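Reviewing the structure listed below.
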Amino acid sequence: MKFGNYECTSVELGHFLIDGGTMFGIVPKVLWEKRTPADAKNRMQMNMRGLLIRGNGKTILVDVGIGTKLTPKEKTVWAFKEEMGNMDAVLVQHGLTPAEITDVIITHLHFDHVGGATFIKNGKLTPTFPNANYHIQKSQWETALNPHPRDSNSFPQINFKPLEEAGVLTLLDGPGELSDGIDLLVTHGHTTGQQHPLIKGDNTSLFYCADLIPTAAHLPLSWIMAYDNLPMTIMEEKHAILERAYKENWVLFFEHDCKITAVSVQRGQKGVEIKKEIVL
Ligand SMILES: [Zn+2]
């Protein structure tokens, strides 16, 4: 689907299982399980869905999933199948190779968003996309290097430190324009310096929600994750984004929803809600 000069396509990067309670914070299970069923261990499925943006001479990938570096124990814990993190196999479905990616936008450095940025080649940690610039917010980079114990397990440095060593890292200082027609918005409630691409078209724009609104079930303001470090802040940020989404006719792209890729929105009795599902 085209937004401005850019063809935008969703990229499936596999899925894992996560405790449903942690995904919905203070929302009782009797409510969240109506939208997202849990298994016998209370786990729900999380997809990882990147976004391919092609146009203006660029081939941009937004977020890159878990990748291929989990230990056997981690693979069992997350019920993750490693072949789903292989970028050669993922990109060939889109007629591409990793070498053709010009830019990688990493929303934030939690393992399920950046793991695929590096892989082990001849025993050495190596950037997966050899010709790409990797764009990350400076405040997120600093957070990930000195994480709070609360989410330190989500920031293994093997996923991102090699990017600095290879000289392919661009650290950004706050919101701004990445290139003509693509803005980066920044939020802090989930983690400091999470960035969200907004691909701008004439009548509609595409907003990559990442962990601000991980699934369609997280559209209601108080439906936030236990993983969100600043609950009040993320609610304010989500409110502001949903107001803009409604007023400016945005399409919201969900990285973690196991069924719904993207939606347009309308104003309902309880706030901004789904108008129509959209497939990209
Ligand atoms: Zn996250």
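A note on labels: chains of the structure tokens are A, B, ... as shown, every chain counts residues from 1, and ligands are counted from 1 in their shown order.
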Each residue of chain A lying at most 9 Å from ligand 1 should get a row with its shortest atom-to-atom pair and the distance in Å to one decimal, counting only C-alpha atoms and all ligand atoms; could you produce that, ordered by chain and increasing number, as a tab-separated table?
residue	atom	partner	partner_atom_place_in_ligand_line	distance
A:Thr107	CA	ligand 1	1 (Zn)	8.6
A:His108	CA	ligand 1	1 (Zn)	6.7
A:Leu109	CA	ligand 1	1 (Zn)	7.4
A:His110	CA	ligand 1	1 (Zn)	5.0
A:Phe111	CA	ligand 1	1 (Zn)	7.9
A:Asp112	CA	ligand 1	1 (Zn)	7.4
A:His113	CA	ligand 1	1 (Zn)	7.2
A:Ser154	CA	ligand 1	1 (Zn)	8.0
A:His190	CA	ligand 1	1 (Zn)	6.6
A:Thr191	CA	ligand 1	1 (Zn)	7.0
A:Gln194	CA	ligand 1	1 (Zn)	8.4
A:Ala210	CA	ligand 1	1 (Zn)	7.7
A:Asp211	CA	ligand 1	1 (Zn)	5.3
A:Leu212	CA	ligand 1	1 (Zn)	8.5
A:Pro214	CA	ligand 1	1 (Zn)	8.8
A:Tyr227	CA	ligand 1	1 (Zn)	7.4
A:Asp228	CA	ligand 1	1 (Zn)	7.9
inquiry  = Can you tell me, as a ChimeraX atom specification, which residues in region 100-222 of chain A count as helix (DSSP H, G or I) by DSSP?
reply    = /A:100,111-117,138-145,152-154,157-159,161-165,210-212,216-218
Those selected residues, please, written with C-alpha atoms and delivered as a PDB file, in the first residue's frame.
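As a result, out03.pdb now contains:
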ATOM      1  CA  GLU A 100      19.801  -4.211  -0.516  1.00  0.00           C
ATOM      2  CA  PHE A 111      15.415  -7.902  22.114  1.00  0.00           C
ATOM      3  CA  ASP A 112      12.226  -8.591  20.158  1.00  0.00           C
ATOM      4  CA  HIS A 113      12.742  -5.422  18.094  1.00  0.00           C
ATOM      5  CA  VAL A 114      16.514  -5.393  17.479  1.00  0.00           C
ATOM      6  CA  GLY A 115      17.689  -9.024  17.785  1.00  0.00           C
ATOM      7  CA  GLY A 116      17.761  -9.421  14.001  1.00  0.00           C
ATOM      8  CA  ALA A 117      20.114  -6.446  13.579  1.00  0.00           C
ATOM      9  CA  LYS A 138      20.499   8.569  21.348  1.00  0.00           C
ATOM     10  CA  SER A 139      18.481   8.556  24.596  1.00  0.00           C
ATOM     11  CA  GLN A 140      17.398   4.954  23.913  1.00  0.00           C
ATOM     12  CA  TRP A 141      20.981   3.946  23.132  1.00  0.00           C
ATOM     13  CA  GLU A 142      22.164   5.353  26.444  1.00  0.00           C
ATOM     14  CA  THR A 143      19.242   3.690  28.263  1.00  0.00           C
ATOM     15  CA  ALA A 144      20.102   0.316  26.737  1.00  0.00           C
ATOM     16  CA  LEU A 145      23.777   0.578  27.662  1.00  0.00           C
ATOM     17  CA  SER A 152      17.789  -5.004  31.852  1.00  0.00           C
ATOM     18  CA  ASN A 153      17.086  -8.567  30.653  1.00  0.00           C
ATOM     19  CA  SER A 154      15.463  -7.111  27.538  1.00  0.00           C
ATOM     20  CA  GLN A 157      24.172  -5.896  24.104  1.00  0.00           C
ATOM     21  CA  ILE A 158      25.050  -8.533  21.495  1.00  0.00           C
ATOM     22  CA  ASN A 159      22.034  -7.274  19.562  1.00  0.00           C
ATOM     23  CA  LYS A 161      26.778  -3.017  20.424  1.00  0.00           C
ATOM     24  CA  PRO A 162      28.358  -4.528  17.256  1.00  0.00           C
ATOM     25  CA  LEU A 163      26.586  -1.817  15.201  1.00  0.00           C
ATOM     26  CA  GLU A 164      28.668   0.855  16.922  1.00  0.00           C
ATOM     27  CA  GLU A 165      31.845  -1.147  16.466  1.00  0.00           C
ATOM     28  CA  ALA A 210       5.712  -0.400  18.026  1.00  0.00           C
ATOM     29  CA  ASP A 211       5.306  -0.868  21.787  1.00  0.00           C
ATOM     30  CA  LEU A 212       3.235   2.300  22.286  1.00  0.00           C
ATOM     31  CA  ALA A 216      -5.233  -3.721  18.489  1.00  0.00           C
ATOM     32  CA  ALA A 217      -6.433  -4.776  21.970  1.00  0.00           C
ATOM     33  CA  HIS A 218      -4.231  -2.008  23.422  1.00  0.00           C
TER      34      HIS A 218
END
query = So which residues touch Lys259 (chain A) within 10 Å, counting only C-alpha atoms, skipping near sequence neighbours fewer than 5 positions away, as a ChimeraX atom specification?
reply = /A:45-47,215-216,254
request  = Excluding Val11 (chain A) and residues on its chain fewer than 4 positions from it, collect all residues at most 7 Å away from it, counting only C-alpha atoms, and give them as a PyMOL selection string.
outcome  = chain A and resi 49-52
DSSP strand (DSSP E) residues within region 85-252 of chain A, as number ranges by chain = A: 103-105, 118-121, 124-127, 133-137, 169-172, 176-179, 182-187, 194-200, 205-208, 251-252
Please build the interface table for region 244-265 of chain A against region 13-36 of chain A with a cut-off of 10 Å, listing for each qualifying residue the nearest atom pair and the distance in Å to one decimal; count only C-alpha atoms, order rows by chain and increasing number, and write it as CSV.
residue,atom,partner,partner_atom,distance
A:Glu255,CA,A:Leu13,CA,9.8
A:His256,CA,A:His15,CA,8.4
A:Asp257,CA,A:Thr36,CA,9.5
A:Cys258,CA,A:His15,CA,8.0
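Comparing A:Asn203, A:Gln93, A:Asn86, A:Asn146 by their smallest distance to Thr128 (chain A), the closest is A:Asn86 (using only C-alpha atoms).
When CA of Met235 (chain A) is paired with CA of Leu206 (chain A), their separation reads 20.6 Å.
Nearest residue to Arg150 (chain A) among A:Ala226, A:Leu198, A:Ala132, A:Val77 is A:Ala226, counting only C-alpha atoms.
The protein and nucleic acid residues lying at most 6 Å from Thr59 (chain A) are Ile53, Ile101 and Thr102 of chain A, with only C-alpha atoms considered and sequence neighbours fewer than 6 positions away removed.
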Those residues with N, CA, C and O atoms, as a CSV table (one decimal), in the first residue's frame please?
chain,number,residue,atom,x,y,z
A,53,ILE,N,9.7,-0.2,3.7
A,53,ILE,CA,9.4,1.1,3.1
A,53,ILE,C,10.3,1.3,1.9
A,53,ILE,O,11.5,1.4,2.0
A,101,ILE,N,19.1,-3.5,1.7
A,101,ILE,CA,18.5,-2.6,2.7
A,101,ILE,C,19.4,-1.4,2.9
A,101,ILE,O,20.6,-1.6,3.2
A,102,THR,N,18.9,-0.2,2.7
A,102,THR,CA,19.7,1.0,2.8
A,102,THR,C,19.7,1.6,4.2
A,102,THR,O,20.6,2.2,4.7
message = Please report the interatomic distance between CA of Val92 (chain A) and CA of Met1 (chain A) in Å with one decimal.
response = 19.1 Å
Test item: residues at most 9 Å from Met84 (chain A), only C-alpha atoms, excluding those fewer than 4 positions along its chain, as a ChimeraX atom specification = /A:12-15,66-68,80,89-90
Do you know which residues are at most 12 Å from Asp180 (chain A) counting only C-alpha atoms, after dropping those on the same chain fewer than 4 positions away, and could you put them as a PDB file with all heavy atoms, in the first residue's frame?
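The new file around.pdb reads:
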ATOM      1  N   GLY A   4       2.301   8.460   0.272  1.00  0.00           N
ATOM      2  CA  GLY A   4       3.214   9.408  -0.354  1.00  0.00           C
ATOM      3  C   GLY A   4       3.994   8.706  -1.450  1.00  0.00           C
ATOM      4  O   GLY A   4       3.417   7.990  -2.281  1.00  0.00           O
ATOM      5  N   ASN A   5       5.308   8.874  -1.428  1.00  0.00           N
ATOM      6  CA  ASN A   5       6.144   8.245  -2.466  1.00  0.00           C
ATOM      7  C   ASN A   5       6.610   6.848  -2.086  1.00  0.00           C
ATOM      8  O   ASN A   5       7.461   6.277  -2.761  1.00  0.00           O
ATOM      9  CB  ASN A   5       7.398   9.118  -2.705  1.00  0.00           C
ATOM     10  CG  ASN A   5       7.038  10.421  -3.369  1.00  0.00           C
ATOM     11  OD1 ASN A   5       6.132  10.477  -4.199  1.00  0.00           O
ATOM     12  ND2 ASN A   5       7.729  11.481  -2.986  1.00  0.00           N
ATOM     13  N   TYR A   6       6.081   6.313  -1.012  1.00  0.00           N
ATOM     14  CA  TYR A   6       6.645   5.071  -0.473  1.00  0.00           C
ATOM     15  C   TYR A   6       5.664   3.910  -0.521  1.00  0.00           C
ATOM     16  O   TYR A   6       4.526   4.017  -0.056  1.00  0.00           O
ATOM     17  CB  TYR A   6       7.094   5.285   0.977  1.00  0.00           C
ATOM     18  CG  TYR A   6       8.178   6.321   1.116  1.00  0.00           C
ATOM     19  CD1 TYR A   6       7.857   7.645   1.423  1.00  0.00           C
ATOM     20  CD2 TYR A   6       9.515   5.994   0.924  1.00  0.00           C
ATOM     21  CE1 TYR A   6       8.839   8.612   1.532  1.00  0.00           C
ATOM     22  CE2 TYR A   6      10.507   6.956   1.036  1.00  0.00           C
ATOM     23  CZ  TYR A   6      10.171   8.260   1.341  1.00  0.00           C
ATOM     24  OH  TYR A   6      11.145   9.217   1.448  1.00  0.00           O
ATOM     25  N   GLY A  55      11.010   3.537  -1.603  1.00  0.00           N
ATOM     26  CA  GLY A  55      10.742   4.731  -2.407  1.00  0.00           C
ATOM     27  C   GLY A  55      11.859   5.740  -2.241  1.00  0.00           C
ATOM     28  O   GLY A  55      12.694   5.620  -1.339  1.00  0.00           O
ATOM     29  N   ASN A  56      11.887   6.766  -3.135  1.00  0.00           N
ATOM     30  CA  ASN A  56      12.917   7.814  -3.076  1.00  0.00           C
ATOM     31  C   ASN A  56      14.332   7.214  -3.029  1.00  0.00           C
ATOM     32  O   ASN A  56      15.209   7.749  -2.351  1.00  0.00           O
ATOM     33  CB  ASN A  56      12.709   8.729  -1.858  1.00  0.00           C
ATOM     34  CG  ASN A  56      11.656   9.794  -2.128  1.00  0.00           C
ATOM     35  OD1 ASN A  56      11.099   9.865  -3.239  1.00  0.00           O
ATOM     36  ND2 ASN A  56      11.350  10.611  -1.141  1.00  0.00           N
ATOM     37  N   GLY A  57      14.530   6.091  -3.714  1.00  0.00           N
ATOM     38  CA  GLY A  57      15.862   5.483  -3.768  1.00  0.00           C
ATOM     39  C   GLY A  57      16.265   4.752  -2.504  1.00  0.00           C
ATOM     40  O   GLY A  57      17.413   4.327  -2.371  1.00  0.00           O
ATOM     41  N   LYS A  58      15.318   4.595  -1.575  1.00  0.00           N
ATOM     42  CA  LYS A  58      15.668   3.923  -0.311  1.00  0.00           C
ATOM     43  C   LYS A  58      14.873   2.629  -0.127  1.00  0.00           C
ATOM     44  O   LYS A  58      13.736   2.517  -0.601  1.00  0.00           O
ATOM     45  CB  LYS A  58      15.375   4.845   0.880  1.00  0.00           C
ATOM     46  CG  LYS A  58      16.336   6.012   1.005  1.00  0.00           C
ATOM     47  CD  LYS A  58      15.951   6.887   2.181  1.00  0.00           C
ATOM     48  CE  LYS A  58      16.865   8.079   2.328  1.00  0.00           C
ATOM     49  NZ  LYS A  58      18.192   7.772   2.858  1.00  0.00           N
ATOM     50  N   GLY A 176      12.016  14.196  14.409  1.00  0.00           N
ATOM     51  CA  GLY A 176      12.448  14.956  13.238  1.00  0.00           C
ATOM     52  C   GLY A 176      12.122  14.211  11.967  1.00  0.00           C
ATOM     53  O   GLY A 176      11.405  13.213  11.978  1.00  0.00           O
ATOM     54  N   LEU A 184       9.952  10.951  12.160  1.00  0.00           N
ATOM     55  CA  LEU A 184      10.111  10.069  13.319  1.00  0.00           C
ATOM     56  C   LEU A 184       9.537  10.780  14.531  1.00  0.00           C
ATOM     57  O   LEU A 184       9.952  11.890  14.863  1.00  0.00           O
ATOM     58  CB  LEU A 184      11.586   9.734  13.547  1.00  0.00           C
ATOM     59  CG  LEU A 184      12.254   8.838  12.500  1.00  0.00           C
ATOM     60  CD1 LEU A 184      13.741   8.706  12.792  1.00  0.00           C
ATOM     61  CD2 LEU A 184      11.602   7.460  12.473  1.00  0.00           C
ATOM     62  N   LEU A 198       6.450   7.825  10.826  1.00  0.00           N
ATOM     63  CA  LEU A 198       5.169   8.258  10.268  1.00  0.00           C
ATOM     64  C   LEU A 198       5.419   8.514   8.790  1.00  0.00           C
ATOM     65  O   LEU A 198       6.164   9.437   8.434  1.00  0.00           O
ATOM     66  CB  LEU A 198       4.683   9.527  10.967  1.00  0.00           C
ATOM     67  CG  LEU A 198       3.383  10.127  10.425  1.00  0.00           C
ATOM     68  CD1 LEU A 198       2.184   9.235  10.761  1.00  0.00           C
ATOM     69  CD2 LEU A 198       3.155  11.542  10.993  1.00  0.00           C
ATOM     70  N   ILE A 199       4.817   7.659   7.934  1.00  0.00           N
ATOM     71  CA  ILE A 199       5.016   7.790   6.491  1.00  0.00           C
ATOM     72  C   ILE A 199       3.825   8.571   5.951  1.00  0.00           C
ATOM     73  O   ILE A 199       2.682   8.117   6.028  1.00  0.00           O
ATOM     74  CB  ILE A 199       5.152   6.406   5.818  1.00  0.00           C
ATOM     75  CG1 ILE A 199       6.310   5.623   6.479  1.00  0.00           C
ATOM     76  CG2 ILE A 199       5.426   6.548   4.324  1.00  0.00           C
ATOM     77  CD1 ILE A 199       5.933   4.687   7.554  1.00  0.00           C
ATOM     78  N   LYS A 200       4.103   9.769   5.414  1.00  0.00           N
ATOM     79  CA  LYS A 200       3.044  10.732   5.148  1.00  0.00           C
ATOM     80  C   LYS A 200       2.540  10.684   3.702  1.00  0.00           C
ATOM     81  O   LYS A 200       3.328  10.769   2.758  1.00  0.00           O
ATOM     82  CB  LYS A 200       3.544  12.141   5.488  1.00  0.00           C
ATOM     83  CG  LYS A 200       3.888  12.272   6.974  1.00  0.00           C
ATOM     84  CD  LYS A 200       4.216  13.677   7.368  1.00  0.00           C
ATOM     85  CE  LYS A 200       5.559  14.107   6.844  1.00  0.00           C
ATOM     86  NZ  LYS A 200       5.960  15.438   7.330  1.00  0.00           N
ATOM     87  N   GLY A 201       1.216  10.548   3.575  1.00  0.00           N
ATOM     88  CA  GLY A 201       0.587  10.628   2.261  1.00  0.00           C
ATOM     89  C   GLY A 201      -0.328  11.832   2.201  1.00  0.00           C
ATOM     90  O   GLY A 201      -0.437  12.593   3.174  1.00  0.00           O
TER      91      GLY A 201
END
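Among the candidate residues A:Asn42, A:Thr261, A:Thr192, A:Asn229, the one lying nearest to Cys209 (chain A) is A:Thr261, with distances computed using only C-alpha atoms.
Remark: for Val251 (chain A), the closest of the candidate residues A:Ile274, A:Ala40, A:Leu96, A:Ala79 is A:Ile274 (distances computed over only C-alpha atoms).
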key: d(CA of Val62 (chain A), CA of Leu172 (chain A)) in Å   = 15.1 Å
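Using only C-alpha atoms for every distance, the candidate list A:Thr126, A:Gln266, A:Thr233, A:Ser205 yields A:Ser205 as the residue closest to Glu248 (chain A).
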